[in-house]
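Colleague: I have a structure here, written as structure tokens, and I will follow up with some questions on it.
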Amino acid sequence: MQNGGSPQRFSKQGRGSTPVTLQQRLGIELPIIQAPMAGAQGHALAAAVCNAGGLGSLPCAMLTAEGLQAELAALTSATQRPFNVNFFCHKSPEPDAAREAGWRQALAPFYREFGVDAQAIPPGAGRAPFSDAMADVLEPFRPAVVSFHFGLPSDALLARVKSWGSKVMCSATTVEEALWLEARGVDILIAQGLEAGGHRGHFLSMDLTRQSGTFALLPQMVQAVSIPVVAAGGIADAQGIRAAMTLGALGAQLGTAYLLCPESLISDLHRAALHRAASQGPEASHTALTNLFTGRPARGIVNRVMRELGPLNDAVPAFPLATTAIGPLRAAVEKQGSGDFTPLWCGQNPSGCRAIPAGELTHQLGADLNA
């Protein structure tokens, strides 16, 4: 089979004509997108995937303008292939002193246990959403793809990105979100199923009961929209990519599968947890959605703080303000060799995690797809 496996069904698109593949749309060789994973990777992982024929992604949600400039310069030096840059589009919350105090009170027993001085922890500013300042840095690079999580930026910012000739991708976790994004000119949708590791991309509703698994969400989304859809969540190998394409996706986005690659920037504690998850069965690979680390639901391996406070806790400040109070606790416990207070981001299917170079993993996925 050519161009990455199964024949592709693409709804409402030129009946009788040959479908345009993801590869043709993005100028890549494989129907594989490496998921942007803020805090877990930088340009090296993205470049390796690009050079192997996939679409590598640079996560920019935790970068300053100076950091973004440096990462983009490094990425464009390491690859001449198309790449994706990803930004968050959350609304920055107003600080809530009462909620912050309640959160720190919930953490107080842990502060005492591990000798953390809560009084020395300053209020947090959190991560900033995509802005004109970041667009100023990005514009000279004119990336092939710019993607967004938690909705879209302002109409003016979105129009600016599209004026560069960049394709716009965005995560959608429900059919309603997919239709909303299509109406605003998004070029490609990422159908993020509930199995996906890291932050949920939902933005129209915070009701988690509206979230569904990848292979329930995908065919409904493909049926509802007239733009390409890429599947994400729980896809770890060529068989999963092929299954998604059979249901109408033009390709798949994989994140967790790349976390053990040497180019990833995760800690040794996180690597050890992923090795256990990939090899030791259900208990070691138990994941849950939690808001404890950032204030927004994200999927990670269950650890002590998630068990003792509950993975979803109403005391937690709004995203991204929760990080400030738990950050020093995480640092103190990690010094003791424990990941009990560390966000161990991981999807529900870690079976594809392999400690091999990202380019080699991408080549193997492609070879298996074309076998």
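Ordering of the structure tokens sets the chain letters (A, B, ...); residue numbers start at 1 within each chain; ligands are numbered from 1 in the order shown.
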For the alpha helix (DSSP H) assignment from backbone DSSP, which residues of region 253-311 of chain A qualify? Please present them as an NGL selection string.
Modeller: :A and (268-279 or 304-309)
Colleague: Neighbours of Thr64 (chain A) within 12 Å (only C-alpha atoms; same-chain residues fewer than 4 positions away dropped), as a PyMOL selection string?
Modeller: chain A and resi 59-60+68-71+87+126-131+133-135+137-138
Colleague: For region 142-146 of chain A, find every residue with an atom within 8 Å (counting only C-alpha atoms), except residues of its own chain fewer than 4 positions away, and show them as a compact mmCIF listing (two decimals) with N, CA and C atoms, in the first residue's frame.
Modeller:
# COMPACT_ATOMS: atom_id res chain seq x y z
N LEU A 26 0.40 18.51 3.72
CA LEU A 26 1.40 19.08 4.61
C LEU A 26 2.83 18.96 4.09
N PRO A 82 8.88 20.39 6.63
CA PRO A 82 7.78 21.10 7.30
C PRO A 82 7.67 20.68 8.77
N PHE A 83 7.30 21.63 9.62
CA PHE A 83 7.10 21.32 11.03
C PHE A 83 5.89 22.09 11.56
N ASN A 84 5.47 21.69 12.76
CA ASN A 84 4.31 22.28 13.44
C ASN A 84 4.77 22.98 14.71
N VAL A 85 4.22 24.15 14.98
CA VAL A 85 4.43 24.80 16.27
C VAL A 85 3.08 24.90 16.97
N ASN A 86 3.09 24.65 18.28
CA ASN A 86 1.83 24.54 19.01
C ASN A 86 1.76 25.52 20.17
N PHE A 87 0.59 26.15 20.33
CA PHE A 87 0.37 27.12 21.40
C PHE A 87 -0.94 26.82 22.13
N LEU A 138 7.32 34.45 15.73
CA LEU A 138 7.03 33.34 14.83
C LEU A 138 7.00 33.74 13.36
N VAL A 161 -1.83 34.51 11.38
CA VAL A 161 -1.16 33.23 11.17
C VAL A 161 -1.46 32.69 9.77
N TRP A 164 0.45 34.02 6.66
CA TRP A 164 1.81 33.53 6.38
C TRP A 164 1.78 32.33 5.44
N GLY A 165 0.59 31.79 5.17
CA GLY A 165 0.48 30.56 4.40
C GLY A 165 0.53 29.32 5.26
N SER A 166 0.54 29.50 6.58
CA SER A 166 0.58 28.35 7.50
C SER A 166 -0.77 27.67 7.55
N LYS A 167 -0.77 26.33 7.58
CA LYS A 167 -1.98 25.58 7.84
C LYS A 167 -2.28 25.66 9.34
N VAL A 168 -3.55 25.75 9.69
CA VAL A 168 -3.95 25.83 11.10
C VAL A 168 -4.62 24.53 11.52
N MET A 169 -4.08 23.92 12.56
CA MET A 169 -4.69 22.74 13.17
C MET A 169 -5.15 23.10 14.57
Colleague: If DSSP is run on the backbone, what residues of region 45-291 of chain A are strand (DSSP E or B)? A reply as number ranges by chain would be ideal.
Modeller: A: 55-59, 83-88, 145-149, 167-172, 188-192, 198-199, 229-232, 251-254, 287-290
Colleague: Restrict the calculation to only C-alpha atoms, then for each residue of region 286-369 of chain A with any atom at most 7 Å from an atom of region 237-254 of chain A give the closest atom pair and their distance in Å to one decimal, rows by chain and rising residue number, as CSV.
Modeller:
residue,atom,partner,partner_atom,distance
A:Gly352,CA,A:Asp237,CA,6.1
A:Leu365,CA,A:Ala238,CA,5.5
A:Asp368,CA,A:Ala238,CA,5.8
A:Leu369,CA,A:Ala238,CA,5.2
Colleague: Residues of the last selection are to be written out with N, CA and C atoms, as a PDB file, in the first residue's frame.
Modeller:
ATOM      1  N   GLY A 352       3.409   1.393  23.031  1.00  0.00           N
ATOM      2  CA  GLY A 352       4.307   1.768  21.944  1.00  0.00           C
ATOM      3  C   GLY A 352       5.556   2.495  22.392  1.00  0.00           C
ATOM      4  N   LEU A 365       7.415   2.929  12.324  1.00  0.00           N
ATOM      5  CA  LEU A 365       5.969   3.096  12.174  1.00  0.00           C
ATOM      6  C   LEU A 365       5.601   3.161  10.696  1.00  0.00           C
ATOM      7  N   ASP A 368       5.971  -0.285   9.042  1.00  0.00           N
ATOM      8  CA  ASP A 368       4.877  -1.174   9.428  1.00  0.00           C
ATOM      9  C   ASP A 368       3.582  -0.788   8.723  1.00  0.00           C
ATOM     10  N   LEU A 369       3.368   0.513   8.540  1.00  0.00           N
ATOM     11  CA  LEU A 369       2.172   0.972   7.826  1.00  0.00           C
ATOM     12  C   LEU A 369       2.174   0.492   6.386  1.00  0.00           C
TER      13      LEU A 369
END
Colleague: Tell me which of A:Phe114, A:Trp103, A:Phe88, A:Tyr258 sits closest to Leu321 (chain A), counting only C-alpha atoms.
Modeller: A:Trp103
Colleague: So that I can check the surroundings of Leu265 (chain A), please list as a list in words every protein, DNA and RNA residue that reaches within 12 Å of it, counting only C-alpha atoms and ignoring chain neighbours fewer than 4 positions away.
Modeller: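 Once the nearby chain positions are removed, what remains is Met37, Ala38, Gly39, Ala40, Gln41, Gly42, His43, Ala44, Leu45, Ala46, Tyr258, Leu259, Leu260, Cys261, Leu269, His270 and Arg271 of chain A.
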Colleague: Please dump the current selection as an mmCIF file, in the first residue's frame; keep C-alpha atoms.
Modeller:
data_model
loop_
_atom_site.group_PDB
_atom_site.id
_atom_site.type_symbol
_atom_site.label_atom_id
_atom_site.label_comp_id
_atom_site.auth_asym_id
_atom_site.auth_seq_id
_atom_site.Cartn_x
_atom_site.Cartn_y
_atom_site.Cartn_z
ATOM 1 C CA MET A 37 4.335 17.848 24.545
ATOM 2 C CA ALA A 38 5.134 20.985 26.531
ATOM 3 C CA GLY A 39 7.764 20.396 29.172
ATOM 4 C CA ALA A 40 8.599 16.960 27.771
ATOM 5 C CA GLN A 41 10.419 17.850 24.544
ATOM 6 C CA GLY A 42 11.996 20.584 22.477
ATOM 7 C CA HIS A 43 13.304 21.045 18.962
ATOM 8 C CA ALA A 44 15.470 17.879 18.900
ATOM 9 C CA LEU A 45 12.511 15.489 19.029
ATOM 10 C CA ALA A 46 10.521 17.516 16.518
ATOM 11 C CA TYR A 258 7.762 9.170 21.752
ATOM 12 C CA LEU A 259 8.332 9.876 25.446
ATOM 13 C CA LEU A 260 11.044 7.240 25.969
ATOM 14 C CA CYS A 261 13.049 8.401 22.958
ATOM 15 C CA LEU A 269 11.687 9.445 37.326
ATOM 16 C CA HIS A 270 9.206 9.918 34.492
ATOM 17 C CA ARG A 271 11.190 7.547 32.258
#
Colleague: Using only C-alpha atoms, can you tell me which of A:Phe319, A:Ala47, A:Thr287, A:Thr174 comes closest to Arg307 (chain A)?
Modeller: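 For Arg307 (chain A), the nearest of the candidates is A:Thr287.
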Colleague: So that I can check the surroundings of Leu107 (chain A), please list as a PyMOL selection string every protein, DNA and RNA residue that reaches within 10 Å of it, counting only C-alpha atoms and ignoring chain neighbours fewer than 2 positions away.
Modeller: chain A and resi 101-105+109-112+118+305+309+325-326+329
Colleague: Export N, CA and C atoms of the chosen residues as a PDB file, in the first residue's frame?
Modeller:
ATOM      1  N   ALA A 101      -5.598  30.078  48.795  1.00  0.00           N
ATOM      2  CA  ALA A 101      -5.384  29.719  50.198  1.00  0.00           C
ATOM      3  C   ALA A 101      -5.926  28.324  50.494  1.00  0.00           C
ATOM      4  N   GLY A 102      -7.085  28.006  49.914  1.00  0.00           N
ATOM      5  CA  GLY A 102      -7.663  26.681  50.112  1.00  0.00           C
ATOM      6  C   GLY A 102      -6.801  25.582  49.526  1.00  0.00           C
ATOM      7  N   TRP A 103      -6.193  25.857  48.370  1.00  0.00           N
ATOM      8  CA  TRP A 103      -5.317  24.891  47.715  1.00  0.00           C
ATOM      9  C   TRP A 103      -4.069  24.647  48.553  1.00  0.00           C
ATOM     10  N   ARG A 104      -3.508  25.718  49.067  1.00  0.00           N
ATOM     11  CA  ARG A 104      -2.311  25.565  49.895  1.00  0.00           C
ATOM     12  C   ARG A 104      -2.634  24.865  51.210  1.00  0.00           C
ATOM     13  N   GLN A 105      -3.842  25.067  51.709  1.00  0.00           N
ATOM     14  CA  GLN A 105      -4.253  24.349  52.915  1.00  0.00           C
ATOM     15  C   GLN A 105      -4.358  22.851  52.637  1.00  0.00           C
ATOM     16  N   PRO A 109      -0.347  19.411  54.743  1.00  0.00           N
ATOM     17  CA  PRO A 109       0.269  18.217  55.352  1.00  0.00           C
ATOM     18  C   PRO A 109       1.507  17.729  54.595  1.00  0.00           C
ATOM     19  N   PHE A 110       1.491  17.872  53.283  1.00  0.00           N
ATOM     20  CA  PHE A 110       2.642  17.461  52.487  1.00  0.00           C
ATOM     21  C   PHE A 110       3.802  18.446  52.663  1.00  0.00           C
ATOM     22  N   TYR A 111       3.472  19.750  52.750  1.00  0.00           N
ATOM     23  CA  TYR A 111       4.529  20.731  53.025  1.00  0.00           C
ATOM     24  C   TYR A 111       5.266  20.381  54.315  1.00  0.00           C
ATOM     25  N   ARG A 112       4.506  20.050  55.348  1.00  0.00           N
ATOM     26  CA  ARG A 112       5.130  19.721  56.629  1.00  0.00           C
ATOM     27  C   ARG A 112       5.957  18.442  56.521  1.00  0.00           C
ATOM     28  N   ALA A 118       5.844  26.929  53.008  1.00  0.00           N
ATOM     29  CA  ALA A 118       4.749  27.441  52.189  1.00  0.00           C
ATOM     30  C   ALA A 118       4.761  28.970  52.114  1.00  0.00           C
ATOM     31  N   VAL A 305      -0.002  11.675  45.251  1.00  0.00           N
ATOM     32  CA  VAL A 305      -0.820  12.866  45.444  1.00  0.00           C
ATOM     33  C   VAL A 305      -2.185  12.709  44.780  1.00  0.00           C
ATOM     34  N   LEU A 309      -5.359  13.024  47.337  1.00  0.00           N
ATOM     35  CA  LEU A 309      -6.229  14.194  47.200  1.00  0.00           C
ATOM     36  C   LEU A 309      -7.378  13.957  46.224  1.00  0.00           C
ATOM     37  N   ALA A 325       1.829  26.433  43.621  1.00  0.00           N
ATOM     38  CA  ALA A 325       1.849  25.895  44.985  1.00  0.00           C
ATOM     39  C   ALA A 325       2.384  24.473  45.048  1.00  0.00           C
ATOM     40  N   ILE A 326       2.163  23.686  44.001  1.00  0.00           N
ATOM     41  CA  ILE A 326       2.605  22.294  44.048  1.00  0.00           C
ATOM     42  C   ILE A 326       4.030  22.131  43.515  1.00  0.00           C
ATOM     43  N   LEU A 329       6.829  21.528  46.127  1.00  0.00           N
ATOM     44  CA  LEU A 329       6.627  20.216  46.725  1.00  0.00           C
ATOM     45  C   LEU A 329       7.140  19.135  45.784  1.00  0.00           C
TER      46      LEU A 329
END
Colleague: For Phe341 (chain A), which of A:Ala358, A:Arg304, A:Leu208, A:Pro228 is the closest residue, counting only C-alpha atoms?
Modeller: A:Arg304
Colleague: From the list A:Gly198, A:Cys353, A:Glu360, A:Pro328, which residue is nearest Gln119 (chain A) when using only C-alpha atoms?
Modeller: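 The answer is A:Pro328, which sits nearest to Gln119 (chain A).
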Colleague: I want to know what sits within 9 Å of Thr173 (chain A), based on only C-alpha atoms, with residues of the same chain fewer than 2 positions away left out; could you give that as an NGL selection string?
Modeller: :A and (171 or 175-178 or 190-194 or 200-203 or 210-212 or 214 or 217)
